[in-house]
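Colleague: This structure is in structure tokens; I'll ask about it shortly.
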Amino acid sequence: ELRAELRGRTLRVTFPCASIDADALRDSLAVVRSLAPRSRVMAVVKANAYGHGLIPTARALAGADAFGVARLSEGVVLREAGITAPIVVLGGVSHPDELGAAARMGFELVVHSPEQIALLDAAPAHRFPVWLKLDTGMNRLGFRPEEYPAALQRLETHRAVGQIRLMTHLANAELPADPLTVHQMEAFQAAVPRQGLELCIANSAAVIGCPAARVDWVRPGGMLYGLSPIPGVEAAALGLRPAMTLTTRLVAVRRVAAGETVGYGATWRAARESRIGIAAIGYGDGYPRHMRNGAPVLVGGCEAPLVGRVSMDMIAVDVTDLDATRVGDEVTLWGAGLPAERVAACADTIAYELVCGVSQRVTLRWRNAA
């Protein structure tokens, strides 16, 4: 809960609120282990643990074998919070100061460019565990197959490199039979040496749908948070339940005459006399401004459509068909009872973006934390 002082009185402000269920996180990790029982798990907690809160999420996922972060700063936050598990910086480092900090913090580094190998020449007296990245067709980060053997040879003889693992990233992992996925898997298998180095391929979608990618390590992200990485498939169908439920309250209920409009731009017009609930959430909280009219929300547990344009602090919901709706009723934007995948489709995005976009003024409230 947020607390504010007003003339000596403490006020408790509880909305908007993102309720995070630690048990759901642990259950999702168990699903990963059931799908990839022979693999170790790098739990990806970048972007503030997909909006769920970096430190408490890492504590809830203490059963993971390692944590993956995008940037050095995220790893520093975890170490300073007392997280001792291996931490892999997925973007690697790009400056000598970062390299020194990574050594002090005991981080493992992804190496994806010649510049990063050269940077290791300036490393302090430290041997980094390194994850060498091969670009098999994502065309984002990594060495091309023809560059890979020389990069591996340089790392194998480098004074600042300890254990080496090999990795790649699949662009269309949610489509195992897609020609690009097939090509990437074949390119990786053809490029990697046969001397027994540990391999890592699978993200969430590949953990679920691409058994060949479940090698020595898997690195799930979205599925750990109870989100489906498979287009058109809701999380529940995959045995996952959402860790985050985003809620707020109605702050007004208004009558709107037939023919009147609601909100900026007059994008919705009442076809009948209507009751419109105003909920305290908007794009300032991370609810997308481009959410379409008709997007589902739950008011008091019953579904109702979004109407009008999303404002910075408020949305409007047509509650005409809901009996006894009143100020103070709880409104669910996504989570328990309303899959984020379904809501995301109404904003032409994915559930990952919804949860990552929750802003700092939304209260995070944890349940079932250890």
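Letters for chains follow the order of the structure tokens (A, B, ...), residue numbers begin at 1 for each chain, and ligand numbers begin at 1 in the order shown.
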Run DSSP on the backbone of this structure and report the residues of region 104-317 of chain A it assigns to alpha helix (DSSP H), as an MDAnalysis selection string.

Modeller: chainID A and resid 104:105 114:119 148:156 179:191 204:209

Colleague: What's the 10 Å shell around region 117-119 of chain A, counting only C-alpha atoms, without same-chain residues fewer than 5 positions away, as a list in words?

Modeller: Val93, Ser94, His95, Pro96, Leu99, Val111, His112, Leu132, Ala151, Leu152, Arg154, Leu155, His158, Ala160 and Val161 of chain A

Colleague: Restrict the selected residues to N, CA and C atoms and save them as an mmCIF file, in the first residue's frame.

Modeller:
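again_24.cif was written with the following content:
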```
data_model
loop_
_atom_site.group_PDB
_atom_site.id
_atom_site.type_symbol
_atom_site.label_atom_id
_atom_site.label_comp_id
_atom_site.auth_asym_id
_atom_site.auth_seq_id
_atom_site.Cartn_x
_atom_site.Cartn_y
_atom_site.Cartn_z
ATOM 1 N N VAL A 93 28.831 -6.485 -21.701
ATOM 2 C CA VAL A 93 29.284 -5.159 -21.269
ATOM 3 C C VAL A 93 30.007 -4.487 -22.423
ATOM 4 N N SER A 94 30.134 -3.146 -22.339
ATOM 5 C CA SER A 94 30.718 -2.405 -23.454
ATOM 6 C C SER A 94 31.733 -1.360 -23.015
ATOM 7 N N HIS A 95 32.109 -1.352 -21.729
ATOM 8 C CA HIS A 95 33.043 -0.340 -21.236
ATOM 9 C C HIS A 95 33.904 -0.968 -20.138
ATOM 10 N N PRO A 96 35.166 -0.549 -20.042
ATOM 11 C CA PRO A 96 36.025 -1.124 -19.001
ATOM 12 C C PRO A 96 35.474 -0.976 -17.589
ATOM 13 N N LEU A 99 33.136 -3.705 -17.021
ATOM 14 C CA LEU A 99 33.860 -4.963 -16.877
ATOM 15 C C LEU A 99 34.371 -5.121 -15.443
ATOM 16 N N VAL A 111 28.957 -12.813 -24.609
ATOM 17 C CA VAL A 111 29.862 -12.156 -25.554
ATOM 18 C C VAL A 111 29.285 -12.354 -26.944
ATOM 19 N N HIS A 112 28.997 -11.240 -27.618
ATOM 20 C CA HIS A 112 28.329 -11.347 -28.920
ATOM 21 C C HIS A 112 29.018 -10.557 -30.024
ATOM 22 N N LEU A 132 29.074 -17.524 -25.174
ATOM 23 C CA LEU A 132 29.366 -17.042 -26.522
ATOM 24 C C LEU A 132 28.114 -17.200 -27.384
ATOM 25 N N ALA A 151 36.059 -16.829 -33.000
ATOM 26 C CA ALA A 151 35.692 -16.199 -31.730
ATOM 27 C C ALA A 151 35.841 -17.183 -30.581
ATOM 28 N N LEU A 152 35.389 -18.401 -30.795
ATOM 29 C CA LEU A 152 35.517 -19.419 -29.748
ATOM 30 C C LEU A 152 36.983 -19.692 -29.435
ATOM 31 N N ARG A 154 39.525 -17.687 -29.726
ATOM 32 C CA ARG A 154 40.088 -16.563 -28.958
ATOM 33 C C ARG A 154 39.694 -16.656 -27.492
ATOM 34 N N LEU A 155 38.446 -17.006 -27.230
ATOM 35 C CA LEU A 155 37.986 -17.081 -25.849
ATOM 36 C C LEU A 155 38.625 -18.254 -25.120
ATOM 37 N N HIS A 158 41.910 -17.122 -23.799
ATOM 38 C CA HIS A 158 41.978 -15.795 -23.182
ATOM 39 C C HIS A 158 42.167 -15.917 -21.676
ATOM 40 N N ALA A 160 41.227 -13.980 -19.368
ATOM 41 C CA ALA A 160 40.111 -13.484 -18.563
ATOM 42 C C ALA A 160 38.863 -14.345 -18.684
ATOM 43 N N VAL A 161 38.977 -15.487 -19.344
ATOM 44 C CA VAL A 161 37.806 -16.328 -19.602
ATOM 45 C C VAL A 161 37.951 -17.654 -18.875
#
```

Colleague: Which is closest to Ala324 (chain A) among A:Gly277, A:Gly282, A:Gly232, A:Pro211, if we use only C-alpha atoms?

Modeller: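 Checking each of A:Gly277, A:Gly282, A:Gly232, A:Pro211 against Ala324 (chain A), counting only C-alpha atoms, the winner is A:Gly277.
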
Colleague: Do you have, as CSV, the list of residues of region 209-314 of chain A lying at most 12 Å from region 53-76 of chain A, each with its nearest atom pair and that distance in Å to one decimal, counting only C-alpha atoms and ordered by chain then number?

Modeller:
```
residue,atom,partner,partner_atom,distance
A:Asp216,CA,A:Asp65,CA,11.6
A:Trp217,CA,A:Asp65,CA,9.3
A:Val218,CA,A:Asp65,CA,10.1
A:Arg219,CA,A:Gly68,CA,7.6
A:Pro220,CA,A:Gly68,CA,9.3
A:Gly221,CA,A:Gly68,CA,8.9
A:Leu224,CA,A:Leu61,CA,9.0
A:Tyr225,CA,A:Thr57,CA,9.4
A:Ala243,CA,A:Thr57,CA,10.0
A:Met244,CA,A:Gly53,CA,10.5
```

Colleague: Between CA of His290 (chain A) and CA of Ile278 (chain A), measure the distance and give it in Å to one decimal.

Modeller: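 Separation of CA of His290 (chain A) and CA of Ile278 (chain A): 17.3 Å.
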
Colleague: Got a sec to tell me which of region 1-168 of chain A DSSP assigns to strand (DSSP E), as a PyMOL selection string?

Modeller: chain A and resi 2-6+9-13+17-21+40-44+66-69+87-89+108-111+128-133+161-167

Colleague: Determine, counting only C-alpha atoms, which protein, DNA and RNA residues have an atom within 7 Å of an atom of region 327-344 of chain A; residues of the same chain fewer than 4 positions away are not included. Present the result as JSON, numbers by chain.

Modeller: {"A": [234, 242, 244, 245, 246, 247, 248, 249, 250, 251, 252, 253, 295, 296, 297, 298, 299, 300, 348, 349, 350, 351, 354]}

Colleague: Dump N, CA and C atoms for the selected residues as an mmCIF file, in the first residue's frame?

Modeller:
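Output contents, as saved in selection-v8.cif:
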```cif
data_model
loop_
_atom_site.group_PDB
_atom_site.id
_atom_site.type_symbol
_atom_site.label_atom_id
_atom_site.label_comp_id
_atom_site.auth_asym_id
_atom_site.auth_seq_id
_atom_site.Cartn_x
_atom_site.Cartn_y
_atom_site.Cartn_z
ATOM 1 N N GLU A 234 -3.952 -19.051 -24.889
ATOM 2 C CA GLU A 234 -3.920 -18.403 -23.589
ATOM 3 C C GLU A 234 -3.090 -19.229 -22.603
ATOM 4 N N PRO A 242 -1.532 -16.481 -14.287
ATOM 5 C CA PRO A 242 -0.849 -15.194 -14.229
ATOM 6 C C PRO A 242 -0.324 -14.879 -12.835
ATOM 7 N N MET A 244 0.611 -11.724 -12.178
ATOM 8 C CA MET A 244 0.161 -10.352 -11.942
ATOM 9 C C MET A 244 -1.330 -10.194 -12.242
ATOM 10 N N THR A 245 -2.052 -9.577 -11.308
ATOM 11 C CA THR A 245 -3.413 -9.134 -11.562
ATOM 12 C C THR A 245 -3.456 -7.634 -11.307
ATOM 13 N N LEU A 246 -3.779 -6.873 -12.344
ATOM 14 C CA LEU A 246 -3.807 -5.411 -12.257
ATOM 15 C C LEU A 246 -5.239 -4.958 -11.997
ATOM 16 N N THR A 247 -5.430 -4.240 -10.910
ATOM 17 C CA THR A 247 -6.775 -3.797 -10.531
ATOM 18 C C THR A 247 -6.778 -2.320 -10.173
ATOM 19 N N THR A 248 -7.976 -1.759 -10.192
ATOM 20 C CA THR A 248 -8.202 -0.405 -9.709
ATOM 21 C C THR A 248 -9.635 -0.336 -9.186
ATOM 22 N N ARG A 249 -10.175 0.875 -9.037
ATOM 23 C CA ARG A 249 -11.537 1.065 -8.524
ATOM 24 C C ARG A 249 -12.290 2.055 -9.408
ATOM 25 N N LEU A 250 -13.609 1.928 -9.411
ATOM 26 C CA LEU A 250 -14.441 2.959 -10.024
ATOM 27 C C LEU A 250 -14.456 4.186 -9.117
ATOM 28 N N VAL A 251 -14.237 5.343 -9.714
ATOM 29 C CA VAL A 251 -14.284 6.586 -8.949
ATOM 30 C C VAL A 251 -15.504 7.421 -9.295
ATOM 31 N N ALA A 252 -16.250 7.007 -10.316
ATOM 32 C CA ALA A 252 -17.493 7.703 -10.673
ATOM 33 C C ALA A 252 -18.337 6.772 -11.524
ATOM 34 N N VAL A 253 -19.642 6.946 -11.449
ATOM 35 C CA VAL A 253 -20.586 6.274 -12.351
ATOM 36 C C VAL A 253 -21.521 7.355 -12.872
ATOM 37 N N ALA A 295 -12.522 -3.279 -25.593
ATOM 38 C CA ALA A 295 -11.560 -4.109 -24.853
ATOM 39 C C ALA A 295 -12.188 -4.539 -23.535
ATOM 40 N N PRO A 296 -11.993 -5.795 -23.128
ATOM 41 C CA PRO A 296 -12.667 -6.280 -21.925
ATOM 42 C C PRO A 296 -11.992 -5.811 -20.641
ATOM 43 N N VAL A 297 -12.802 -5.470 -19.663
ATOM 44 C CA VAL A 297 -12.365 -5.292 -18.281
ATOM 45 C C VAL A 297 -13.382 -6.011 -17.409
ATOM 46 N N LEU A 298 -13.028 -6.277 -16.181
ATOM 47 C CA LEU A 298 -13.967 -6.864 -15.236
ATOM 48 C C LEU A 298 -14.328 -5.806 -14.203
ATOM 49 N N VAL A 299 -15.619 -5.624 -13.987
ATOM 50 C CA VAL A 299 -16.116 -4.707 -12.959
ATOM 51 C C VAL A 299 -16.877 -5.548 -11.952
ATOM 52 N N GLY A 300 -16.365 -5.617 -10.736
ATOM 53 C CA GLY A 300 -16.984 -6.476 -9.742
ATOM 54 C C GLY A 300 -17.039 -7.928 -10.186
ATOM 55 N N ASP A 348 -3.278 -4.466 -30.057
ATOM 56 C CA ASP A 348 -2.353 -4.902 -31.101
ATOM 57 C C ASP A 348 -0.940 -5.084 -30.562
ATOM 58 N N THR A 349 -0.858 -5.731 -29.406
ATOM 59 C CA THR A 349 0.439 -5.983 -28.811
ATOM 60 C C THR A 349 0.433 -7.358 -28.175
ATOM 61 N N ILE A 350 1.412 -7.635 -27.336
ATOM 62 C CA ILE A 350 1.518 -8.921 -26.662
ATOM 63 C C ILE A 350 1.436 -8.709 -25.158
ATOM 64 N N ALA A 351 1.124 -9.771 -24.447
ATOM 65 C CA ALA A 351 0.967 -9.669 -22.995
ATOM 66 C C ALA A 351 2.260 -9.214 -22.329
ATOM 67 N N LEU A 354 2.312 -5.502 -22.001
ATOM 68 C CA LEU A 354 1.392 -4.985 -20.992
ATOM 69 C C LEU A 354 2.039 -4.991 -19.614
#
```

Colleague: Can you measure CA of Val182 (chain A) to CA of Ala213 (chain A) for me? One decimal in Å is fine.

Modeller: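 These two atoms are separated by 10.7 Å.
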
Colleague: Which of these residues is nearest to Ser311 (chain A), using only C-alpha atoms: A:Gly92, A:Gly286, A:Gly142, A:Pro16?

Modeller: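 Of A:Gly92, A:Gly286, A:Gly142, A:Pro16, the one nearest Ser311 (chain A) is A:Gly286, counting only C-alpha atoms.
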
Colleague: So that I can see what lies close to Met223 (chain A), please list as JSON, numbers by chain the residues with an atom at most 10 Å from it, counting only C-alpha atoms and leaving out residues fewer than 4 positions away in the same chain.

Modeller: {"A": [25, 28, 29, 31, 32, 43, 44, 203, 204, 205, 207, 208, 227, 228, 229, 230, 235, 238, 239, 240, 241, 242, 243, 352]}

Colleague: Find, counting only C-alpha atoms, the residue in A:Asp318, A:Asp323, A:Asp21, A:Asp121 that gets nearest to Ser274 (chain A).

Modeller: A:Asp318

Colleague: For region 162-169 of chain A, find every residue with an atom within 6 Å (counting only C-alpha atoms), except residues of its own chain fewer than 4 positions away, and show them as number ranges by chain.

Modeller: A: 127-134, 197-201

Colleague: For CA of Gln184 (chain A) and CA of Gly137 (chain A), quote the distance in Å rounded to one decimal.

Modeller: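 CA of Gln184 (chain A) sits 6.1 Å away from CA of Gly137 (chain A).
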
Colleague: Which of these residues is nearest to Ala150 (chain A), using only C-alpha atoms: A:Val192, A:Ala173, A:Leu322, A:Leu120?

Modeller: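 The closest residue to Ala150 (chain A) is A:Val192.
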
Colleague: Which residue is closest to Thr136 (chain A)? Choose from A:Ala24, A:Val88, A:Ala101, A:Ala187 and count only C-alpha atoms.

Modeller: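 Going through A:Ala24, A:Val88, A:Ala101, A:Ala187 one by one, the smallest distance to Thr136 (chain A) is for A:Ala187.
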